[in-house]
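Note: the block below is model34.cif and it holds mmCIF, C-alpha atoms, pLDDT in the B column; chains and numbers go by the auth columns.
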```cif
data_data
loop_
_atom_site.group_PDB
_atom_site.id
_atom_site.type_symbol
_atom_site.label_atom_id
_atom_site.label_comp_id
_atom_site.label_asym_id
_atom_site.label_seq_id
_atom_site.Cartn_x
_atom_site.Cartn_y
_atom_site.Cartn_z
_atom_site.B_iso_or_equiv
_atom_site.auth_seq_id
_atom_site.auth_asym_id
ATOM 1 C CA MET A 1 120.574 114.209 95.185 61.00 45 X
ATOM 2 C CA VAL A 2 121.119 114.089 91.416 62.00 46 X
ATOM 3 C CA LYS A 3 118.556 112.637 89.033 58.00 47 X
ATOM 4 C CA SER A 4 120.627 109.519 88.314 62.00 48 X
ATOM 5 C CA GLN A 5 120.747 108.654 92.036 72.00 49 X
ATOM 6 C CA TYR A 6 117.151 109.225 92.885 71.00 50 X
ATOM 7 C CA MET A 7 115.774 106.341 90.806 75.00 51 X
ATOM 8 C CA LEU A 8 117.136 103.982 93.453 78.00 52 X
ATOM 9 C CA TYR A 9 115.686 106.190 96.159 82.00 53 X
ATOM 10 C CA LEU A 10 112.254 106.096 94.507 84.00 54 X
ATOM 11 C CA LYS A 11 112.113 102.316 94.925 84.00 55 X
ATOM 12 C CA SER A 12 112.111 102.783 98.711 83.00 56 X
ATOM 13 C CA LEU A 13 109.069 105.095 98.677 85.00 57 X
ATOM 14 C CA PRO A 14 105.716 103.343 99.189 86.00 58 X
ATOM 15 C CA ILE A 15 104.129 105.018 96.152 86.00 59 X
ATOM 16 C CA PHE A 16 106.796 103.512 93.845 87.00 60 X
ATOM 17 C CA GLN A 17 107.436 100.143 95.518 88.00 61 X
ATOM 18 C CA GLY A 18 107.194 97.161 93.212 90.00 62 X
ATOM 19 C CA LEU A 19 107.504 99.158 90.000 90.00 63 X
ATOM 20 C CA ASP A 20 109.967 97.892 87.440 89.00 64 X
ATOM 21 C CA ASN A 21 113.014 99.869 86.331 88.00 65 X
ATOM 22 C CA GLN A 22 111.485 100.861 82.978 90.00 66 X
ATOM 23 C CA VAL A 23 108.554 102.553 84.729 90.00 67 X
ATOM 24 C CA LEU A 24 110.882 104.259 87.213 89.00 68 X
ATOM 25 C CA LYS A 25 113.054 105.525 84.342 88.00 69 X
ATOM 26 C CA LYS A 26 109.972 107.062 82.713 90.00 70 X
ATOM 27 C CA ILE A 27 109.034 108.733 86.003 89.00 71 X
ATOM 28 C CA VAL A 28 112.564 110.121 86.378 88.00 72 X
ATOM 29 C CA ALA A 29 112.547 111.396 82.782 90.00 73 X
ATOM 30 C CA ALA A 30 109.168 113.112 83.215 92.00 74 X
ATOM 31 C CA SER A 31 109.943 114.739 86.551 91.00 75 X
ATOM 32 C CA THR A 32 111.858 117.694 87.915 91.00 76 X
ATOM 33 C CA LEU A 33 113.503 118.046 91.326 91.00 77 X
ATOM 34 C CA ILE A 34 112.822 121.227 93.278 93.00 78 X
ATOM 35 C CA GLU A 35 114.248 122.236 96.645 95.00 79 X
ATOM 36 C CA VAL A 36 111.820 124.483 98.515 95.00 80 X
ATOM 37 C CA GLN A 37 112.557 126.616 101.541 94.00 81 X
ATOM 38 C CA THR A 38 109.708 129.110 101.947 93.00 82 X
ATOM 39 C CA PRO A 39 105.902 129.288 101.708 90.00 83 X
ATOM 40 C CA GLU A 40 106.348 131.900 98.970 91.00 84 X
ATOM 41 C CA GLN A 41 108.303 129.402 96.869 91.00 85 X
ATOM 42 C CA MET A 42 105.479 126.904 97.277 89.00 86 X
ATOM 43 C CA LYS A 43 102.926 129.440 96.007 85.00 87 X
ATOM 44 C CA GLU A 44 105.139 130.182 92.994 88.00 88 X
ATOM 45 C CA ILE A 45 105.642 126.568 91.898 88.00 89 X
ATOM 46 C CA LEU A 46 102.165 125.133 92.460 84.00 90 X
ATOM 47 C CA THR A 47 100.172 124.729 89.270 83.00 91 X
ATOM 48 C CA GLU A 48 97.145 122.722 88.227 82.00 92 X
ATOM 49 C CA GLU A 49 99.272 120.647 85.844 87.00 93 X
ATOM 50 C CA GLU A 50 101.618 118.960 88.307 90.00 94 X
ATOM 51 C CA LEU A 51 101.697 116.616 91.260 88.00 95 X
ATOM 52 C CA PHE A 52 104.404 117.132 93.881 91.00 96 X
ATOM 53 C CA ILE A 53 105.867 114.156 95.745 90.00 97 X
ATOM 54 C CA VAL A 54 107.982 114.805 98.845 92.00 98 X
ATOM 55 C CA LEU A 55 111.386 113.121 98.476 90.00 99 X
ATOM 56 C CA THR A 56 113.040 114.602 101.572 91.00 100 X
ATOM 57 C CA GLY A 57 111.780 116.798 104.383 95.00 101 X
ATOM 58 C CA GLU A 58 108.085 117.541 104.773 95.00 102 X
ATOM 59 C CA LEU A 59 105.404 120.090 104.009 94.00 103 X
ATOM 60 C CA ALA A 60 103.190 121.445 106.778 93.00 104 X
ATOM 61 C CA LEU A 61 99.785 122.783 105.762 88.00 105 X
ATOM 62 C CA TYR A 62 98.327 125.518 107.947 87.00 106 X
ATOM 63 C CA TYR A 63 94.916 127.147 107.959 83.00 107 X
ATOM 64 C CA GLU A 64 95.369 130.861 108.534 82.00 108 X
ATOM 65 C CA ASN A 65 92.488 133.168 109.299 78.00 109 X
ATOM 66 C CA PRO A 66 92.939 136.577 110.930 80.00 110 X
ATOM 67 C CA LYS A 67 89.912 135.920 113.163 82.00 111 X
ATOM 68 C CA HIS A 68 91.209 132.584 114.503 79.00 112 X
ATOM 69 C CA PRO A 69 94.510 131.074 115.647 81.00 113 X
ATOM 70 C CA THR A 70 96.642 129.396 112.974 80.00 114 X
ATOM 71 C CA ILE A 71 95.924 125.665 112.836 82.00 115 X
ATOM 72 C CA LYS A 72 98.185 122.970 111.401 84.00 116 X
ATOM 73 C CA ILE A 73 95.816 120.790 109.422 82.00 117 X
ATOM 74 C CA GLN A 74 98.110 118.306 107.715 84.00 118 X
ATOM 75 C CA SER A 75 101.660 117.185 107.109 88.00 119 X
ATOM 76 C CA VAL A 76 102.812 115.843 103.775 90.00 120 X
ATOM 77 C CA ASN A 77 105.684 113.501 104.524 90.00 121 X
ATOM 78 C CA ILE A 78 108.298 111.619 102.509 88.00 122 X
ATOM 79 C CA GLY A 79 106.652 109.650 99.711 84.00 123 X
ATOM 80 C CA GLU A 80 103.338 111.507 99.992 86.00 124 X
ATOM 81 C CA SER A 81 101.974 113.889 97.400 85.00 125 X
ATOM 82 C CA LEU A 82 100.351 117.298 97.107 85.00 126 X
ATOM 83 C CA SER A 83 98.466 118.934 94.254 79.00 127 X
ATOM 84 C CA THR A 84 96.670 122.232 93.791 72.00 128 X
ATOM 85 C CA LEU A 85 93.399 120.411 94.422 62.00 129 X
ATOM 86 C CA GLU A 86 94.461 120.251 98.061 54.00 130 X
ATOM 87 C CA SER A 87 95.960 123.724 98.218 52.00 131 X
ATOM 88 C CA ALA A 88 93.736 126.005 96.145 50.00 132 X
ATOM 89 C CA THR A 89 92.597 128.278 98.938 60.00 133 X
ATOM 90 C CA GLU A 90 93.711 131.680 100.103 68.00 134 X
ATOM 91 C CA THR A 91 93.700 130.644 103.750 77.00 135 X
ATOM 92 C CA LEU A 92 96.047 127.685 103.288 81.00 136 X
ATOM 93 C CA VAL A 93 99.769 128.222 103.845 87.00 137 X
ATOM 94 C CA ILE A 94 102.264 125.495 102.930 90.00 138 X
ATOM 95 C CA LYS A 95 105.479 125.620 104.936 94.00 139 X
ATOM 96 C CA PRO A 96 108.341 123.385 103.810 95.00 140 X
ATOM 97 C CA GLY A 97 110.580 121.823 106.444 95.00 141 X
ATOM 98 C CA LYS A 98 114.348 122.124 106.345 94.00 142 X
ATOM 99 C CA GLY A 99 115.900 120.320 103.373 93.00 143 X
ATOM 100 C CA THR A 100 112.610 119.643 101.596 95.00 144 X
ATOM 101 C CA VAL A 101 113.022 118.358 98.053 93.00 145 X
ATOM 102 C CA LEU A 102 109.985 117.780 95.866 94.00 146 X
ATOM 103 C CA MET A 103 109.617 115.765 92.709 92.00 147 X
ATOM 104 C CA LYS A 104 107.358 117.618 90.279 93.00 148 X
ATOM 105 C CA VAL A 105 105.549 115.224 87.931 91.00 149 X
ATOM 106 C CA PRO A 106 103.065 116.283 85.230 92.00 150 X
ATOM 107 C CA LEU A 107 99.507 115.210 86.140 88.00 151 X
ATOM 108 C CA LEU A 108 98.898 113.912 82.616 90.00 152 X
ATOM 109 C CA PHE A 109 101.828 111.541 83.077 92.00 153 X
ATOM 110 C CA ILE A 110 100.455 110.397 86.461 89.00 154 X
ATOM 111 C CA GLU A 111 96.994 109.827 84.941 90.00 155 X
ATOM 112 C CA HIS A 112 98.523 107.745 82.143 92.00 156 X
ATOM 113 C CA LEU A 113 100.575 105.739 84.643 91.00 157 X
ATOM 114 C CA LEU A 114 97.483 105.084 86.794 91.00 158 X
ATOM 115 C CA MET A 115 95.644 103.697 83.768 92.00 159 X
ATOM 116 C CA GLN A 116 98.570 101.614 82.516 92.00 160 X
ATOM 117 C CA ASN A 117 100.171 100.266 85.687 92.00 161 X
ATOM 118 C CA ILE A 118 98.074 98.330 88.210 92.00 162 X
ATOM 119 C CA LYS A 119 100.844 98.245 90.836 92.00 163 X
ATOM 120 C CA PHE A 120 101.187 102.033 90.779 89.00 164 X
ATOM 121 C CA LYS A 121 97.411 102.353 91.057 91.00 165 X
ATOM 122 C CA GLN A 122 97.392 99.996 94.072 92.00 166 X
ATOM 123 C CA ASN A 123 100.197 101.982 95.728 88.00 167 X
ATOM 124 C CA VAL A 124 98.330 105.275 95.231 86.00 168 X
ATOM 125 C CA ILE A 125 95.074 103.858 96.598 89.00 169 X
ATOM 126 C CA LYS A 126 96.855 102.348 99.603 89.00 170 X
ATOM 127 C CA GLY A 127 98.563 105.685 100.335 82.00 171 X
ATOM 128 C CA MET A 128 95.270 107.568 100.057 81.00 172 X
ATOM 129 C CA ASN A 129 93.584 105.088 102.387 84.00 173 X
ATOM 130 C CA GLU A 130 96.353 105.453 104.987 82.00 174 X
ATOM 131 C CA LYS A 131 96.145 109.255 104.797 77.00 175 X
ATOM 132 C CA LEU A 132 92.366 109.158 105.153 80.00 176 X
ATOM 133 C CA LEU A 133 92.592 106.931 108.237 83.00 177 X
ATOM 134 C CA SER A 134 95.241 109.189 109.744 78.00 178 X
ATOM 135 C CA SER A 135 93.106 112.288 109.094 73.00 179 X
ATOM 136 C CA PHE A 136 90.095 110.556 110.654 78.00 180 X
ATOM 137 C CA ASP A 137 92.119 109.678 113.765 79.00 181 X
ATOM 138 C CA LYS A 138 93.309 113.297 114.074 74.00 182 X
ATOM 139 C CA LEU A 139 89.753 114.572 113.689 72.00 183 X
ATOM 140 C CA ILE A 140 88.448 112.215 116.376 80.00 184 X
ATOM 141 C CA THR A 141 91.263 113.334 118.684 76.00 185 X
ATOM 142 C CA LEU A 142 90.411 117.015 118.089 67.00 186 X
ATOM 143 C CA ILE A 143 86.709 116.408 118.648 73.00 187 X
ATOM 144 C CA GLY A 144 87.469 114.514 121.851 72.00 188 X
ATOM 145 C CA ARG A 145 89.754 117.282 123.081 62.00 189 X
ATOM 146 C CA ASP A 146 87.181 119.985 122.261 54.00 190 X
ATOM 147 C CA SER A 147 84.292 118.073 123.882 52.00 191 X
ATOM 148 C CA HIS A 148 86.037 118.346 127.244 50.00 192 X
ATOM 149 C CA ASN A 149 85.998 122.134 126.953 50.00 193 X
ATOM 150 C CA VAL A 150 82.212 122.393 126.457 44.00 194 X
#
```
What's the structure tokens form of this structure?
Amino acid sequence: MVKSQYMLYLKSLPIFQGLDNQVLKKIVAASTLIEVQTPEQMKEILTEEELFIVLTGELALYYENPKHPTIKIQSVNIGESLSTLESATETLVIKPGKGTVLMKVPLLFIEHLLMQNIKFKQNVIKGMNEKLLSSFDKLITLIGRDSHNV
């Protein structure tokens, strides 16, 4: 997908729904597209200055500890985001799915957009709420599954 085509694609993602074309153009201008294929690539590109939004594919986050089995703790799907705040640990491995393309957006730009655009802010809050509810449901399921093994 080339940069000129992905502005239309952005409109279909929940985080960008309802934003006008001028705002989307600014997002496109401020961002970079990156195709990732390996966990090593993810480690190389993650910085504290950017937010990564999944455009295609997905990212799977795994907790790896030599003393315990590897556990998949989260998926970051199309339209969802990831930052180093969520991935700044040695035991976390981020595995991109096949054909994963990320949009790298500077955090300062995102902060400015959150302050200036109420619709964007609403979309971000809604997405965070949905992710929190999903994580809670997964946790309850895991607790329920583990309580049967006691």
Exercise. Once you count all atoms listed in the file, which residues end up no further than 8 Å from (113.0, 128.6, 103.8) in the file's frame, shown as a ChimeraX atom specification?
Worked result: /X:80-83,140-142
Atoms kept (C-alpha atoms) for selection, written as a compact mmCIF listing (two decimals), keeping the file's coordinate frame:
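Contents of part-v7.txt, freshly written:
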```
# COMPACT_ATOMS: atom_id res chain seq x y z
CA VAL X 80 111.82 124.48 98.52
CA GLN X 81 112.56 126.62 101.54
CA THR X 82 109.71 129.11 101.95
CA PRO X 83 105.90 129.29 101.71
CA PRO X 140 108.34 123.38 103.81
CA GLY X 141 110.58 121.82 106.44
CA LYS X 142 114.35 122.12 106.34
```
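Taking CA of Gly123 (chain X) and CA of Ile184 (chain X) as endpoints, the distance between them is 24.8 Å.
When you apply the PyMOL selection byres ((chain X and resi 106) around 8) to this structure, what comes back is Ala104, Leu105, Tyr107, Glu108, Thr114, Ile115, Lys116, Ile117, Gln118, Leu136, Val137, Ile138 and Lys139 of chain X.
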Neighbour list for Val98 (chain X) as a compact mmCIF listing (two decimals) with C-alpha atoms, in the frame of the given file, cut-off 12 Å, only C-alpha atoms, skip fewer than 3 positions in-chain:
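Output below, filename around_10.txt:
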```
# COMPACT_ATOMS: atom_id res chain seq x y z
CA TYR X 53 115.69 106.19 96.16
CA LEU X 54 112.25 106.10 94.51
CA LEU X 57 109.07 105.10 98.68
CA PRO X 58 105.72 103.34 99.19
CA ILE X 59 104.13 105.02 96.15
CA THR X 76 111.86 117.69 87.92
CA LEU X 77 113.50 118.05 91.33
CA ILE X 78 112.82 121.23 93.28
CA GLU X 79 114.25 122.24 96.64
CA VAL X 80 111.82 124.48 98.52
CA LEU X 95 101.70 116.62 91.26
CA GLY X 101 111.78 116.80 104.38
CA GLU X 102 108.08 117.54 104.77
CA LEU X 103 105.40 120.09 104.01
CA ALA X 104 103.19 121.44 106.78
CA SER X 119 101.66 117.18 107.11
CA VAL X 120 102.81 115.84 103.78
CA ASN X 121 105.68 113.50 104.52
CA ILE X 122 108.30 111.62 102.51
CA GLY X 123 106.65 109.65 99.71
CA GLU X 124 103.34 111.51 99.99
CA SER X 125 101.97 113.89 97.40
CA LEU X 126 100.35 117.30 97.11
CA SER X 127 98.47 118.93 94.25
CA PRO X 140 108.34 123.38 103.81
CA GLY X 141 110.58 121.82 106.44
CA GLY X 143 115.90 120.32 103.37
CA THR X 144 112.61 119.64 101.60
CA VAL X 145 113.02 118.36 98.05
CA LEU X 146 109.98 117.78 95.87
CA MET X 147 109.62 115.76 92.71
CA LYS X 148 107.36 117.62 90.28
CA VAL X 149 105.55 115.22 87.93
```
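Among the candidates X:Asn161, X:Thr185, X:Thr128, X:Gln166, the residue lying nearest to Glu88 (chain X) is X:Thr128 (atoms considered: all atoms listed in the file).
Across the model, the gap from CA of Phe60 (chain X) to CA of Ile89 (chain X) is 23.2 Å.
Of the residues under consideration (X:His112, X:Lys55, X:His156, X:Lys170), X:Lys55 shows the shortest atom-to-atom contact distance to Leu68 (chain X) when counting all atoms listed in the file.
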With distances taken over all atoms listed in the file, the candidate from X:Thr135, X:Asp64, X:Tyr50, X:Leu158 nearest Thr100 (chain X) is X:Tyr50
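The two atoms in question, CA of Ser178 (chain X) and CA of Lys165 (chain X), are spaced 20.0 Å apart.
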Kindly complete region 107-139 of chain X to N, CA and C atoms; the output should be written as a tab-separated table (two decimals), in the coordinates of the input.
```tsv
chain	number	residue	atom	x	y	z
X	107	TYR	N	96.08	126.32	108.23
X	107	TYR	CA	94.92	127.15	107.96
X	107	TYR	C	95.13	128.46	108.69
X	108	GLU	N	95.18	129.55	107.92
X	108	GLU	CA	95.37	130.86	108.53
X	108	GLU	C	94.15	131.73	108.28
X	109	ASN	N	93.63	132.28	109.36
X	109	ASN	CA	92.49	133.17	109.30
X	109	ASN	C	92.72	134.24	110.35
X	110	PRO	N	92.66	135.51	109.97
X	110	PRO	CA	92.94	136.58	110.93
X	110	PRO	C	92.03	136.55	112.17
X	111	LYS	N	90.86	135.95	112.05
X	111	LYS	CA	89.91	135.92	113.16
X	111	LYS	C	90.13	134.73	114.10
X	112	HIS	N	91.00	133.80	113.71
X	112	HIS	CA	91.21	132.58	114.50
X	112	HIS	C	92.70	132.28	114.59
X	113	PRO	N	93.10	131.48	115.58
X	113	PRO	CA	94.51	131.07	115.65
X	113	PRO	C	94.88	130.19	114.45
X	114	THR	N	96.15	130.25	114.05
X	114	THR	CA	96.64	129.40	112.97
X	114	THR	C	96.58	127.94	113.41
X	115	ILE	N	96.09	127.08	112.52
X	115	ILE	CA	95.92	125.66	112.84
X	115	ILE	C	96.68	124.83	111.81
X	116	LYS	N	97.53	123.93	112.30
X	116	LYS	CA	98.18	122.97	111.40
X	116	LYS	C	97.17	121.89	111.08
X	117	ILE	N	96.86	121.74	109.80
X	117	ILE	CA	95.82	120.79	109.42
X	117	ILE	C	96.35	119.49	108.82
X	118	GLN	N	97.59	119.52	108.34
X	118	GLN	CA	98.11	118.31	107.72
X	118	GLN	C	99.61	118.43	107.53
X	119	SER	N	100.26	117.28	107.52
X	119	SER	CA	101.66	117.18	107.11
X	119	SER	C	101.72	116.31	105.88
X	120	VAL	N	102.56	116.68	104.94
X	120	VAL	CA	102.81	115.84	103.78
X	120	VAL	C	104.24	115.36	103.94
X	121	ASN	N	104.39	114.08	104.18
X	121	ASN	CA	105.68	113.50	104.52
X	121	ASN	C	106.34	112.82	103.33
X	122	ILE	N	107.53	112.29	103.56
X	122	ILE	CA	108.30	111.62	102.51
X	122	ILE	C	107.45	110.55	101.83
X	123	GLY	N	107.41	110.61	100.51
X	123	GLY	CA	106.65	109.65	99.71
X	123	GLY	C	105.21	110.03	99.48
X	124	GLU	N	104.72	111.06	100.17
X	124	GLU	CA	103.34	111.51	99.99
X	124	GLU	C	103.29	112.64	98.97
X	125	SER	N	102.09	112.92	98.48
X	125	SER	CA	101.97	113.89	97.40
X	125	SER	C	101.05	115.04	97.76
X	126	LEU	N	101.16	116.09	96.96
X	126	LEU	CA	100.35	117.30	97.11
X	126	LEU	C	100.06	117.82	95.71
X	127	SER	N	98.83	118.29	95.52
X	127	SER	CA	98.47	118.93	94.25
X	127	SER	C	97.69	120.20	94.57
X	128	THR	N	97.41	120.99	93.55
X	128	THR	CA	96.67	122.23	93.79
X	128	THR	C	95.24	121.96	94.21
X	129	LEU	N	94.74	120.75	93.96
X	129	LEU	CA	93.40	120.41	94.42
X	129	LEU	C	93.31	120.50	95.94
X	130	GLU	N	94.43	120.21	96.61
X	130	GLU	CA	94.46	120.25	98.06
X	130	GLU	C	94.86	121.62	98.59
X	131	SER	N	95.37	122.49	97.72
X	131	SER	CA	95.96	123.72	98.22
X	131	SER	C	95.40	124.98	97.54
X	132	ALA	N	94.28	124.87	96.89
X	132	ALA	CA	93.74	126.00	96.14
X	132	ALA	C	92.82	126.87	97.01
X	133	THR	N	93.36	127.38	98.09
X	133	THR	CA	92.60	128.28	98.94
X	133	THR	C	93.51	129.38	99.46
X	134	GLU	N	92.94	130.53	99.63
X	134	GLU	CA	93.71	131.68	100.10
X	134	GLU	C	94.14	131.55	101.55
X	135	THR	N	93.41	130.76	102.32
X	135	THR	CA	93.70	130.64	103.75
X	135	THR	C	94.67	129.51	104.07
X	136	LEU	N	95.13	128.79	103.07
X	136	LEU	CA	96.05	127.68	103.29
X	136	LEU	C	97.48	128.13	103.02
X	137	VAL	N	98.35	127.90	103.99
X	137	VAL	CA	99.77	128.22	103.84
X	137	VAL	C	100.55	126.91	103.92
X	138	ILE	N	101.46	126.71	102.97
X	138	ILE	CA	102.26	125.50	102.93
X	138	ILE	C	103.69	125.86	103.31
X	139	LYS	N	104.14	125.31	104.44
X	139	LYS	CA	105.48	125.62	104.94
X	139	LYS	C	106.38	124.39	104.78
```
